[in-house]
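What follows is upload_23.tsv (TSV, C-alpha atoms and all ligand atoms).
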chain	number	residue	atom	x	y	z
R	1302	MET	CA	-94.18	81.88	-14.62
R	1303	LYS	CA	-91.86	80.07	-17.02
R	1304	ILE	CA	-89.19	78.49	-14.88
R	1305	LEU	CA	-85.94	76.72	-15.68
R	1306	VAL	CA	-85.10	74.20	-12.96
R	1307	THR	CA	-81.57	72.80	-12.95
R	1308	GLY	CA	-80.96	69.51	-11.14
R	1309	GLY	CA	-84.73	69.13	-11.14
R	1310	LEU	CA	-84.82	65.35	-11.05
R	1311	GLY	CA	-82.82	65.20	-7.81
R	1312	TYR	CA	-84.15	64.83	-4.29
R	1313	ILE	CA	-85.09	68.43	-3.48
R	1314	GLY	CA	-85.61	69.59	-7.06
R	1315	SER	CA	-88.24	66.93	-7.81
R	1316	HIS	CA	-90.23	67.86	-4.70
R	1317	ALA	CA	-89.96	71.56	-5.58
R	1318	ILE	CA	-91.23	70.90	-9.12
R	1319	VAL	CA	-94.30	69.12	-7.74
R	1320	GLN	CA	-95.14	72.23	-5.70
R	1321	LEU	CA	-94.40	74.56	-8.62
R	1322	LEU	CA	-96.66	72.58	-10.95
R	1323	ILE	CA	-99.41	72.56	-8.33
R	1324	SER	CA	-99.06	76.37	-8.32
R	1325	ASN	CA	-99.49	76.32	-12.12
R	1326	HIS	CA	-95.99	77.35	-13.12
R	1327	GLU	CA	-94.56	76.20	-16.46
R	1328	ILE	CA	-91.50	74.06	-15.85
R	1329	THR	CA	-88.46	73.15	-17.94
R	1330	ILE	CA	-86.16	70.71	-16.18
R	1331	ILE	CA	-82.53	70.12	-16.97
R	1332	ASP	CA	-80.43	67.45	-15.27
R	1333	ASN	CA	-77.39	65.42	-16.31
R	1334	LEU	CA	-78.74	62.41	-14.36
R	1335	SER	CA	-75.44	62.08	-12.48
R	1336	ASN	CA	-77.40	61.56	-9.26
R	1337	SER	CA	-80.97	60.97	-10.43
R	1338	GLN	CA	-83.12	58.85	-12.72
R	1339	LYS	CA	-85.08	59.80	-15.81
R	1340	GLU	CA	-88.12	57.91	-14.42
R	1341	THR	CA	-88.52	60.65	-11.82
R	1342	HIS	CA	-89.85	62.89	-14.59
R	1343	LYS	CA	-92.78	60.52	-15.11
R	1344	LYS	CA	-93.36	60.21	-11.37
R	1345	ILE	CA	-93.73	63.99	-11.12
R	1346	LYS	CA	-96.42	63.76	-13.82
R	1347	ASP	CA	-98.11	60.86	-12.00
R	1348	ILE	CA	-98.31	62.92	-8.80
R	1349	THR	CA	-99.43	66.22	-10.28
R	1350	GLY	CA	-101.18	65.19	-13.49
R	1351	LYS	CA	-99.27	68.04	-15.13
R	1352	ASN	CA	-96.65	68.09	-17.85
R	1353	SER	CA	-93.17	69.55	-17.70
R	1354	ASP	CA	-90.29	69.45	-20.21
R	1355	PHE	CA	-87.10	67.56	-19.51
R	1356	TYR	CA	-83.73	67.93	-21.24
R	1357	LYS	CA	-80.63	65.95	-20.36
R	1358	ILE	CA	-78.18	68.83	-20.25
R	1359	ASP	CA	-75.13	69.41	-18.10
R	1360	THR	CA	-75.08	72.85	-16.48
R	1361	THR	CA	-71.34	73.10	-17.07
R	1362	ASN	CA	-72.10	73.05	-20.82
R	1363	TYR	CA	-72.64	76.74	-21.60
R	1364	ALA	CA	-73.38	76.24	-25.31
R	1365	LYS	CA	-76.24	73.81	-24.67
R	1366	LEU	CA	-77.72	76.02	-21.95
R	1367	ASP	CA	-77.42	79.05	-24.20
R	1368	ASN	CA	-79.27	77.24	-26.96
R	1369	LEU	CA	-82.06	76.28	-24.56
R	1370	CYS	CA	-82.43	79.77	-23.08
R	1371	GLU	CA	-82.52	81.31	-26.54
R	1372	LYS	CA	-85.56	79.20	-27.42
R	1373	HIS	CA	-87.48	79.84	-24.19
R	1374	ASN	CA	-88.41	83.00	-22.45
R	1375	PHE	CA	-87.67	82.04	-18.86
R	1376	ASP	CA	-88.83	84.32	-16.05
R	1377	ALA	CA	-86.81	82.57	-13.37
R	1378	VAL	CA	-84.20	79.90	-12.80
R	1379	ILE	CA	-84.06	77.67	-9.75
R	1380	HIS	CA	-80.58	76.26	-9.53
R	1381	PHE	CA	-80.40	72.93	-7.68
R	1382	ALA	CA	-77.78	71.23	-9.88
R	1383	GLY	CA	-74.55	70.43	-8.09
R	1384	TYR	CA	-72.64	67.76	-6.24
R	1385	LYS	CA	-73.34	67.47	-2.52
R	1386	ALA	CA	-71.36	64.64	-0.91
R	1387	VAL	CA	-69.18	66.16	1.80
R	1388	GLY	CA	-66.73	63.23	2.10
R	1389	GLU	CA	-66.28	62.92	-1.66
R	1390	SER	CA	-65.60	66.65	-1.88
R	1391	ILE	CA	-62.62	66.22	0.47
R	1392	ASN	CA	-61.17	63.45	-1.70
R	1393	GLU	CA	-62.02	65.05	-5.06
R	1394	PRO	CA	-62.10	68.81	-4.45
R	1395	LEU	CA	-61.59	69.81	-8.09
R	1396	LYS	CA	-64.62	67.79	-9.20
R	1397	TYR	CA	-66.68	69.87	-6.72
R	1398	TYR	CA	-65.17	73.26	-7.51
R	1399	PHE	CA	-65.49	72.62	-11.25
R	1400	ASN	CA	-69.09	71.43	-11.23
R	1401	ASN	CA	-70.62	73.64	-8.57
R	1402	LEU	CA	-68.85	76.87	-9.49
R	1403	LEU	CA	-68.96	76.57	-13.26
R	1404	SER	CA	-72.65	75.61	-13.21
R	1405	THR	CA	-73.46	78.66	-11.11
R	1406	ILE	CA	-71.37	81.00	-13.26
R	1407	ASN	CA	-73.13	79.70	-16.39
R	1408	ILE	CA	-76.56	80.20	-14.83
R	1409	ALA	CA	-75.67	83.74	-13.76
R	1410	LYS	CA	-74.29	84.61	-17.23
R	1411	LEU	CA	-77.42	83.34	-18.95
R	1412	ALA	CA	-79.74	85.11	-16.53
R	1413	ILE	CA	-78.03	88.36	-17.51
R	1414	LYS	CA	-77.91	87.60	-21.23
R	1415	TYR	CA	-81.58	86.59	-21.50
R	1416	ASP	CA	-83.04	88.94	-18.90
R	1417	ILE	CA	-84.16	86.13	-16.64
R	1418	ASN	CA	-85.46	88.15	-13.75
R	1419	THR	CA	-84.98	85.83	-10.79
R	1420	ILE	CA	-82.35	83.35	-9.62
R	1421	ILE	CA	-83.08	81.05	-6.68
R	1422	PHE	CA	-79.98	79.25	-5.45
R	1423	SER	CA	-79.72	76.14	-3.23
R	1424	SER	CA	-77.35	77.14	-0.49
R	1425	SER	CA	-76.77	75.40	2.81
R	1426	ALA	CA	-76.48	75.94	6.54
R	1427	THR	CA	-72.93	74.70	6.08
R	1428	VAL	CA	-71.93	78.27	5.10
R	1429	TYR	CA	-72.22	79.23	8.79
R	1430	GLY	CA	-69.36	76.86	9.62
R	1431	ASN	CA	-68.78	76.16	13.29
R	1432	GLY	CA	-70.77	79.16	14.53
R	1433	GLU	CA	-73.30	79.63	17.28
R	1434	SER	CA	-76.93	78.43	16.84
R	1435	PRO	CA	-79.54	79.60	16.26
R	1436	PHE	CA	-78.07	80.91	13.02
R	1437	THR	CA	-79.66	84.05	11.66
R	1438	GLU	CA	-79.04	85.24	8.12
R	1439	LYS	CA	-76.71	87.83	9.69
R	1440	SER	CA	-74.57	85.23	11.45
R	1441	PRO	CA	-70.98	85.37	10.24
R	1442	LEU	CA	-69.95	82.90	7.55
R	1443	LEU	CA	-67.13	81.10	9.33
R	1444	GLU	CA	-64.55	78.78	7.87
R	1445	ARG	CA	-66.03	75.73	6.16
R	1446	THR	CA	-64.54	72.33	6.95
R	1447	ASN	CA	-64.85	70.83	3.47
R	1448	PRO	CA	-64.74	71.83	-0.22
R	1449	TYR	CA	-68.48	71.20	-0.68
R	1450	GLY	CA	-69.33	73.85	1.92
R	1451	GLU	CA	-66.76	76.16	0.39
R	1452	THR	CA	-68.44	75.86	-3.04
R	1453	LYS	CA	-71.73	76.99	-1.47
R	1454	ALA	CA	-70.12	80.05	0.13
R	1455	MET	CA	-68.29	80.85	-3.13
R	1456	CYS	CA	-71.44	80.49	-5.24
R	1457	GLU	CA	-73.28	82.83	-2.86
R	1458	ARG	CA	-70.48	85.38	-3.35
R	1459	ILE	CA	-70.52	84.99	-7.14
R	1460	LEU	CA	-74.28	85.52	-7.26
R	1461	ILE	CA	-74.23	88.47	-4.85
R	1462	ASP	CA	-71.52	90.22	-6.86
R	1463	THR	CA	-73.49	89.56	-10.05
R	1464	GLN	CA	-76.65	91.01	-8.54
R	1465	LYS	CA	-74.76	94.12	-7.44
R	1466	ALA	CA	-73.56	94.66	-11.00
R	1467	TYR	CA	-77.03	93.92	-12.44
R	1468	PRO	CA	-79.49	95.34	-9.89
R	1469	ASN	CA	-82.56	94.32	-11.92
R	1470	LEU	CA	-81.84	90.72	-10.99
R	1471	SER	CA	-83.79	89.35	-8.00
R	1472	LEU	CA	-81.59	86.94	-6.11
R	1473	PHE	CA	-82.65	84.40	-3.50
R	1474	LEU	CA	-80.04	82.47	-1.54
R	1475	LEU	CA	-81.91	79.75	0.35
R	1476	ARG	CA	-79.85	78.19	3.12
R	1477	TYR	CA	-81.28	74.75	3.71
R	1478	PHE	CA	-80.84	73.09	7.08
R	1479	ASN	CA	-81.31	69.27	7.08
R	1480	PRO	CA	-83.95	68.15	4.56
R	1481	ILE	CA	-85.30	64.67	5.24
R	1482	GLY	CA	-88.48	62.72	4.50
R	1483	ALA	CA	-90.17	62.07	1.20
R	1484	HIS	CA	-93.32	62.72	-0.78
R	1485	LYS	CA	-96.42	61.09	0.77
R	1486	SER	CA	-97.05	59.11	-2.43
R	1487	GLY	CA	-93.83	57.17	-1.82
R	1488	LEU	CA	-92.80	58.01	-5.40
R	1489	LEU	CA	-90.20	60.70	-4.67
R	1490	GLY	CA	-87.45	60.58	-2.08
R	1491	GLU	CA	-83.74	60.35	-1.61
R	1492	ILE	CA	-81.79	57.45	-3.09
R	1493	PRO	CA	-78.22	57.77	-1.85
R	1494	ASN	CA	-75.31	56.66	-3.97
R	1495	GLY	CA	-73.48	53.85	-2.14
R	1496	ILE	CA	-73.28	53.86	1.65
R	1497	PRO	CA	-75.41	56.77	2.90
R	1498	ASN	CA	-73.49	59.63	4.52
R	1499	ASN	CA	-76.56	61.21	6.01
R	1500	LEU	CA	-78.35	60.08	9.10
R	1501	VAL	CA	-81.89	59.41	7.90
R	1502	PRO	CA	-81.05	57.45	4.72
R	1503	TYR	CA	-78.75	55.33	6.88
R	1504	ILE	CA	-81.50	54.70	9.43
R	1505	THR	CA	-84.03	53.69	6.75
R	1506	GLN	CA	-81.52	51.22	5.30
R	1507	VAL	CA	-80.95	49.72	8.76
R	1508	ALA	CA	-84.74	49.46	9.13
R	1509	LYS	CA	-84.90	47.63	5.81
R	1510	GLY	CA	-82.18	45.20	6.91
R	1511	LYS	CA	-79.71	46.46	4.30
R	1512	ARG	CA	-77.28	47.65	6.97
R	1513	GLU	CA	-76.67	45.95	10.29
R	1514	LYS	CA	-76.67	48.92	12.64
R	1515	LEU	CA	-76.36	52.66	12.81
R	1516	GLN	CA	-73.11	54.23	13.97
R	1517	ILE	CA	-73.82	57.31	16.05
R	1518	TYR	CA	-70.93	59.70	15.67
R	1519	GLY	CA	-70.18	60.74	19.23
R	1520	ASN	CA	-72.20	61.06	22.45
R	1521	ASP	CA	-69.77	63.44	24.14
R	1522	TYR	CA	-70.94	66.71	22.59
R	1523	ASN	CA	-72.05	69.51	24.85
R	1524	THR	CA	-75.75	68.76	24.23
R	1525	PRO	CA	-78.41	67.36	26.61
R	1526	ASP	CA	-77.91	63.72	25.52
R	1527	GLY	CA	-74.38	64.16	24.13
R	1528	THR	CA	-75.30	63.53	20.47
R	1529	GLY	CA	-75.27	66.12	17.68
R	1530	ILE	CA	-78.23	68.43	17.16
R	1531	ARG	CA	-79.60	69.42	13.76
R	1532	ASP	CA	-82.61	71.25	12.37
R	1533	TYR	CA	-84.41	68.57	10.32
R	1534	ILE	CA	-86.98	69.89	7.85
R	1535	HIS	CA	-89.47	67.91	5.77
R	1536	VAL	CA	-88.46	68.09	2.11
R	1537	VAL	CA	-92.05	69.02	1.14
R	1538	ASP	CA	-91.95	72.06	3.45
R	1539	LEU	CA	-88.56	72.96	2.00
R	1540	ALA	CA	-89.97	72.62	-1.52
R	1541	LYS	CA	-92.81	75.01	-0.66
R	1542	GLY	CA	-90.23	77.56	0.50
R	1543	HIS	CA	-89.10	77.88	-3.13
R	1544	VAL	CA	-92.62	78.67	-4.31
R	1545	SER	CA	-92.95	81.30	-1.57
R	1546	ALA	CA	-89.65	82.90	-2.60
R	1547	LEU	CA	-90.59	82.87	-6.28
R	1548	GLU	CA	-94.04	84.33	-5.75
R	1549	SER	CA	-92.91	86.99	-3.25
R	1550	ASN	CA	-91.98	89.44	-6.02
R	1551	ARG	CA	-89.11	90.65	-3.88
R	1552	THR	CA	-86.25	92.45	-5.58
R	1553	GLY	CA	-82.56	92.73	-4.70
R	1554	ILE	CA	-80.62	90.20	-2.62
R	1555	ASN	CA	-82.73	87.98	-0.40
R	1556	ILE	CA	-81.16	85.47	1.95
R	1557	TYR	CA	-83.29	83.03	3.96
R	1558	ASN	CA	-82.73	80.14	6.32
R	1559	LEU	CA	-85.10	77.29	5.50
R	1560	GLY	CA	-85.45	75.12	8.58
R	1561	THR	CA	-87.96	74.52	11.34
R	1562	GLY	CA	-86.13	76.47	14.03
R	1563	LYS	CA	-86.09	73.36	16.23
R	1564	GLY	CA	-83.04	71.29	17.09
R	1565	THR	CA	-83.29	67.49	17.34
R	1566	SER	CA	-80.50	65.21	18.58
R	1567	VAL	CA	-79.45	62.00	16.85
R	1568	LEU	CA	-80.90	59.94	19.70
R	1569	GLU	CA	-84.19	61.87	19.61
R	1570	LEU	CA	-84.44	61.22	15.90
R	1571	VAL	CA	-83.73	57.51	16.28
R	1572	ASN	CA	-86.34	57.31	19.05
R	1573	ALA	CA	-88.94	59.11	16.94
R	1574	PHE	CA	-88.25	56.76	14.02
R	1575	GLU	CA	-88.61	53.68	16.23
R	1576	LYS	CA	-91.81	54.92	17.85
R	1577	VAL	CA	-93.60	56.09	14.71
R	1578	ASN	CA	-92.66	53.12	12.53
R	1579	ASN	CA	-92.54	50.50	15.25
R	1580	ILE	CA	-89.13	49.25	14.13
R	1581	LYS	CA	-86.07	48.87	16.34
R	1582	ILE	CA	-82.90	50.57	15.06
R	1583	PRO	CA	-79.81	48.89	16.50
R	1584	PHE	CA	-76.96	51.36	17.00
R	1585	GLU	CA	-73.51	51.74	18.47
R	1586	ILE	CA	-71.77	54.87	19.63
R	1587	VAL	CA	-68.54	55.50	17.76
R	1588	SER	CA	-66.15	58.45	17.73
R	1589	ARG	CA	-67.09	61.85	16.38
R	1590	ARG	CA	-67.05	62.34	12.60
R	1591	PRO	CA	-64.31	64.84	11.65
R	1592	GLY	CA	-65.74	68.20	10.62
R	1593	ASP	CA	-69.11	67.73	12.40
R	1594	ILE	CA	-70.34	70.53	14.60
R	1595	ALA	CA	-72.26	69.91	17.83
R	1596	VAL	CA	-75.33	72.02	17.20
R	1597	SER	CA	-76.92	73.53	14.11
R	1598	TYR	CA	-80.40	75.00	13.97
R	1599	ALA	CA	-81.97	77.99	12.31
R	1600	ASP	CA	-83.62	81.18	13.31
R	1601	VAL	CA	-86.47	81.07	10.79
R	1602	SER	CA	-88.20	84.33	11.66
R	1603	LYS	CA	-86.99	86.18	8.55
R	1604	ALA	CA	-88.58	83.73	6.08
R	1605	LYS	CA	-91.81	83.81	8.05
R	1606	ARG	CA	-91.87	87.60	8.21
R	1607	GLU	CA	-90.86	88.35	4.64
R	1608	LEU	CA	-92.11	85.34	2.68
R	1609	GLY	CA	-95.00	84.23	4.86
R	1610	TRP	CA	-93.44	80.76	4.77
R	1611	GLU	CA	-92.90	78.39	7.65
R	1612	ALA	CA	-92.38	74.65	7.99
R	1613	LYS	CA	-95.54	72.84	9.05
R	1614	LEU	CA	-94.73	69.13	9.07
R	1615	THR	CA	-93.51	67.42	12.24
R	1616	LEU	CA	-90.57	65.17	13.00
R	1617	GLU	CA	-93.09	62.31	13.11
R	1618	ASP	CA	-94.23	63.13	9.54
R	1619	MET	CA	-90.60	63.21	8.43
R	1620	VAL	CA	-89.62	59.79	9.79
R	1621	GLU	CA	-92.89	58.19	8.67
R	1622	ASP	CA	-92.53	59.47	5.10
R	1623	ALA	CA	-88.82	58.59	4.95
R	1624	TRP	CA	-89.61	54.99	5.90
R	1625	ASN	CA	-92.61	54.83	3.55
R	1626	PHE	CA	-90.32	55.78	0.65
R	1627	GLU	CA	-87.55	53.30	1.53
R	1628	LYS	CA	-90.10	50.51	2.12
R	1629	ASN	CA	-91.60	51.00	-1.34
R	1630	LEU	CA	-88.28	51.33	-3.13
R	1631	LYS	CA	-87.93	48.57	-5.71
R	1632	LYS	CA	-84.66	46.67	-5.83
R	1633	GLU	CA	-83.77	47.97	-9.30
R	1634	GLU	CA	-84.22	51.57	-8.13
R	1635	ASN	CA	-81.69	51.20	-5.37
R	1636	LYS	CA	-78.32	52.40	-6.54
R	1637	ASN	CA	-76.39	50.49	-3.90
R	1638	ASP	CA	-77.77	46.96	-4.23
G	1701	LIG	P1	-79.40	65.68	-5.59
G	1701	LIG	O1	-78.05	65.13	-5.88
G	1701	LIG	O2	-80.49	64.72	-5.31
G	1701	LIG	O3	-79.88	66.64	-6.77
G	1701	LIG	C1	-78.98	67.36	-7.55
G	1701	LIG	C2	-79.31	67.08	-9.00
G	1701	LIG	O4	-78.42	67.81	-9.84
G	1701	LIG	C3	-79.16	65.60	-9.39
G	1701	LIG	O5	-80.33	65.17	-10.05
G	1701	LIG	C4	-77.95	65.58	-10.32
G	1701	LIG	O6	-78.08	64.57	-11.31
G	1701	LIG	C5	-77.98	66.98	-10.89
G	1701	LIG	N1	-76.69	67.51	-11.31
G	1701	LIG	C6	-75.51	67.55	-10.65
G	1701	LIG	N2	-74.57	68.16	-11.38
G	1701	LIG	C7	-75.17	68.54	-12.54
G	1701	LIG	C8	-74.73	69.21	-13.72
G	1701	LIG	N3	-73.48	69.61	-13.87
G	1701	LIG	N4	-75.62	69.41	-14.71
G	1701	LIG	C9	-76.92	69.00	-14.58
G	1701	LIG	N5	-77.38	68.37	-13.52
G	1701	LIG	C10	-76.52	68.14	-12.51
G	1701	LIG	O7	-79.24	66.71	-4.39
G	1701	LIG	P2	-80.36	67.44	-3.54
G	1701	LIG	O8	-80.31	66.89	-2.16
G	1701	LIG	O9	-81.63	67.46	-4.28
G	1701	LIG	O10	-79.74	68.90	-3.48
G	1701	LIG	C11	-80.11	69.92	-4.38
G	1701	LIG	C12	-79.26	71.13	-4.11
G	1701	LIG	O11	-79.44	71.52	-2.75
G	1701	LIG	C13	-77.76	70.89	-4.29
G	1701	LIG	O12	-77.18	72.05	-4.83
G	1701	LIG	C14	-77.28	70.69	-2.86
G	1701	LIG	O13	-75.93	71.03	-2.69
G	1701	LIG	C15	-78.20	71.64	-2.09
G	1701	LIG	N6	-78.37	71.27	-0.68
G	1701	LIG	C16	-78.77	70.01	-0.35
G	1701	LIG	C17	-78.89	69.66	0.99
G	1701	LIG	C18	-79.31	68.27	1.39
G	1701	LIG	O14	-79.14	67.92	2.56
G	1701	LIG	N7	-79.85	67.46	0.51
G	1701	LIG	C19	-78.63	70.61	1.99
G	1701	LIG	C20	-78.24	71.89	1.61
G	1701	LIG	C21	-78.11	72.22	0.26
G	1702	LIG	N1	-74.82	61.02	12.07
G	1702	LIG	C1	-74.60	59.84	12.76
G	1702	LIG	N2	-74.47	58.69	12.04
G	1702	LIG	C2	-74.55	58.64	10.69
G	1702	LIG	C3	-74.79	59.85	9.99
G	1702	LIG	C4	-74.92	61.02	10.70
G	1702	LIG	O1	-74.52	59.83	13.99
G	1702	LIG	O2	-74.40	57.55	10.09
G	1702	LIG	C5	-75.01	62.28	12.82
G	1702	LIG	C6	-74.03	63.39	12.48
G	1702	LIG	O3	-72.88	63.30	13.31
G	1702	LIG	C7	-74.87	64.65	12.75
G	1702	LIG	C8	-76.29	64.21	12.40
G	1702	LIG	O4	-76.30	62.79	12.46
G	1702	LIG	O5	-74.83	64.98	14.13
G	1702	LIG	C9	-76.75	64.66	11.00
G	1702	LIG	O6	-75.78	64.22	10.06
G	1702	LIG	P1	-76.04	64.36	8.49
G	1702	LIG	O7	-74.81	63.81	7.80
G	1702	LIG	O8	-77.35	63.76	8.14
G	1702	LIG	O9	-76.18	65.93	8.27
G	1702	LIG	P2	-75.08	67.10	8.47
G	1702	LIG	O10	-73.95	66.57	9.28
G	1702	LIG	O11	-74.69	67.46	7.09
G	1702	LIG	O12	-75.80	68.18	9.18
For this file, write the structure as structure tokens.
Ligand code: NAD
Ligand code: UDP
Amino acid sequence: MKILVTGGLGYIGSHAIVQLLISNHEITIIDNLSNSQKETHKKIKDITGKNSDFYKIDTTNYAKLDNLCEKHNFDAVIHFAGYKAVGESINEPLKYYFNNLLSTINIAKLAIKYDINTIIFSSSATVYGNGESPFTEKSPLLERTNPYGETKAMCERILIDTQKAYPNLSLFLLRYFNPIGAHKSGLLGEIPNGIPNNLVPYITQVAKGKREKLQIYGNDYNTPDGTGIRDYIHVVDLAKGHVSALESNRTGINIYNLGTGKGTSVLELVNAFEKVNNIKIPFEIVSRRPGDIAVSYADVSKAKRELGWEAKLTLEDMVEDAWNFEKNLKKEENKND
């Protein structure tokens, strides 16, 4: 299929493109490089040996997108482009509402205008708010604690309403749990901007000696060891979920949790990292991070049943590959040196 991938040079998008190229799809990437590097395009080629097109286009720029869609006959669009930093979204909400909502509206408009059959949207477990795990796709969408999460819930709504008005459109809302890890080659992975907000990028920077110690946000949650529990999924498994959705030929509105179905605590993750990589991670327990929930993990049975997809890689694979990527990162590639 001919696929437009927005935000395709980012962390998840680049891994998804590798899998899509392996499955022989024809890929056009657009990205404004606000949180990615142009060199990633070449790395995708190095890994797959296959070509893809790249255009530096901002998804909020309707005219440029329109011009691109007019020239191509896309069968599907996978929409990764967006801002994702929770803390920043609290301080700069309008930046988040503008970028994430306008990009999604533009993609939906163009899908209708050019008869692009399928939209796959990057949603998040954050739409479930402070609800009860395991989350199923039928779990209520409770109040989000930050504007980033709110943009995901709003974009879901926008796309669902669009699909209802244009029933020929196949819509996939993929709710990612906690993607971590990196491509085995060490070429693709996550390069956080500034001090990492997320647990695993922080741990790998401590392992590298860039940060002194990890702060664990609270050990007084109602969990077996008191630290927060999340459903960590290897980014390569997550990437494959997009291929499964695309190739399923399903119609209508399709919502799937993409996770492993297993919860792992912060301390369990730190222990796994130390054991697999044989590196000590110094840490201190500090107070809870505002907005964090105690436990979040997925019920993944729907994706398995309907898409035939399930995560295969283990927590050990995830922490090994995350460290392999950080270890090989050259100084000039690191945005926070
Ligand atoms: P990322 O920041 O690495 O990738 C997003 C890409 O989109 C970047 O390359 C960035 O340059 C680009 N981009 C942003 N705004 C753009 C615009 N207006 N026009 C063109 N390009 C633009 O993030 P990621 O981790 O790969 O996440 C991809 C998607 O998945 C995002 O929508 C994110 O909200 C969602 N998501 C991520 C996670 C996670 O933990 N990483 C979890 C749930 C959902
Ligand atoms: N966490 C932590 N220290 C950090 C970053 C995260 O203890 O420096 C904890 C956080 O409280 C949560 C888990 O690690 O329980 C995963 O956090 P992350 O930000 O990676 O994902 P999210 O909170 O978005 O699920």
Give me the residues of chain R that have any atom at most 7 Å from an atom of ligand LIG 1702 (chain G); for each, the nearest atom pair and the distance in Å, rounded to one decimal. Use only C-alpha atoms and all ligand atoms, sort by chain and number, and format it as a Markdown table.
| residue | atom | partner | partner_atom | distance |
| --- | --- | --- | --- | --- |
| R:Asn1479 | CA | G:LIG1702 | O12 | 6.0 |
| R:Asn1498 | CA | G:LIG1702 | O7 | 5.5 |
| R:Asn1499 | CA | G:LIG1702 | O8 | 3.4 |
| R:Leu1500 | CA | G:LIG1702 | C3 | 3.7 |
| R:Val1501 | CA | G:LIG1702 | O8 | 6.3 |
| R:Tyr1503 | CA | G:LIG1702 | O2 | 5.8 |
| R:Leu1515 | CA | G:LIG1702 | O2 | 5.9 |
| R:Gln1516 | CA | G:LIG1702 | N2 | 5.0 |
| R:Ile1517 | CA | G:LIG1702 | O1 | 3.3 |
| R:Tyr1518 | CA | G:LIG1702 | O1 | 4.0 |
| R:Gly1519 | CA | G:LIG1702 | O1 | 6.9 |
| R:Thr1528 | CA | G:LIG1702 | O5 | 6.5 |
| R:Gly1529 | CA | G:LIG1702 | O5 | 3.8 |
| R:Ile1530 | CA | G:LIG1702 | O5 | 5.7 |
| R:Arg1531 | CA | G:LIG1702 | O12 | 6.1 |
| R:Val1567 | CA | G:LIG1702 | O4 | 5.5 |
| R:Arg1589 | CA | G:LIG1702 | O3 | 6.7 |
| R:Arg1590 | CA | G:LIG1702 | O3 | 6.0 |
| R:Asp1593 | CA | G:LIG1702 | O10 | 5.9 |
| R:Ala1595 | CA | G:LIG1702 | O5 | 6.7 |
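Proximity ranking of R:Ser1353, R:Asn1401, R:Ser1602, R:Asn1374 relative to ligand LIG 1701 (chain G) places R:Asn1401 first, based on only C-alpha atoms and all ligand atoms.
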Rank R:Ile1304, R:Ala1382, R:Leu1369, R:Leu1443 by their smallest atom-to-atom distance to ligand LIG 1701 (chain G), using only C-alpha atoms and all ligand atoms, and report the top residue only. R:Ala1382
Please identify every polymer residue within 9 Å of ligand LIG 1701 (chain G), using all atoms listed in the file, and present the set as a ChimeraX atom specification. /R:1307-1316,1331-1338,1357-1362,1380-1386,1399-1401,1403-1404,1422-1427,1449-1450,1452-1453,1475-1481,1490-1493,1499,1536
Name the residues, using the chain letters and numbers of the file, that sit within 10 Å of (-58.8, 70.1, 1.0) when counting all atoms listed in the file, and give them as a PDB file with C-alpha atoms, in the coordinates of the input.
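That gives us part27.pdb:
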ATOM      1  CA  SER R1390     -65.600  66.650  -1.880  1.00  0.00           C
ATOM      2  CA  ILE R1391     -62.620  66.220   0.470  1.00  0.00           C
ATOM      3  CA  ASN R1392     -61.170  63.450  -1.700  1.00  0.00           C
ATOM      4  CA  GLU R1393     -62.020  65.050  -5.060  1.00  0.00           C
ATOM      5  CA  PRO R1394     -62.100  68.810  -4.450  1.00  0.00           C
ATOM      6  CA  LEU R1395     -61.590  69.810  -8.090  1.00  0.00           C
ATOM      7  CA  THR R1446     -64.540  72.330   6.950  1.00  0.00           C
ATOM      8  CA  ASN R1447     -64.850  70.830   3.470  1.00  0.00           C
ATOM      9  CA  PRO R1448     -64.740  71.830  -0.220  1.00  0.00           C
ATOM     10  CA  TYR R1449     -68.480  71.200  -0.680  1.00  0.00           C
TER      11      TYR R1449
END
Any idea what's packed within 7 Å of His1484 of chain R, counting all atoms listed in the file, ignoring anything in its chain fewer than 5 positions away? Could you give it as a VMD selection string? chain R and resid 1489 to 1490 1537 1622
How far is it from atom CA of Leu1442 of chain R to atom CA of Gly1430 of chain R, in Å with one decimal?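 Taking atom CA of Leu1442 of chain R as the start and atom CA of Gly1430 of chain R as the end point, the length is 6.4 Å.
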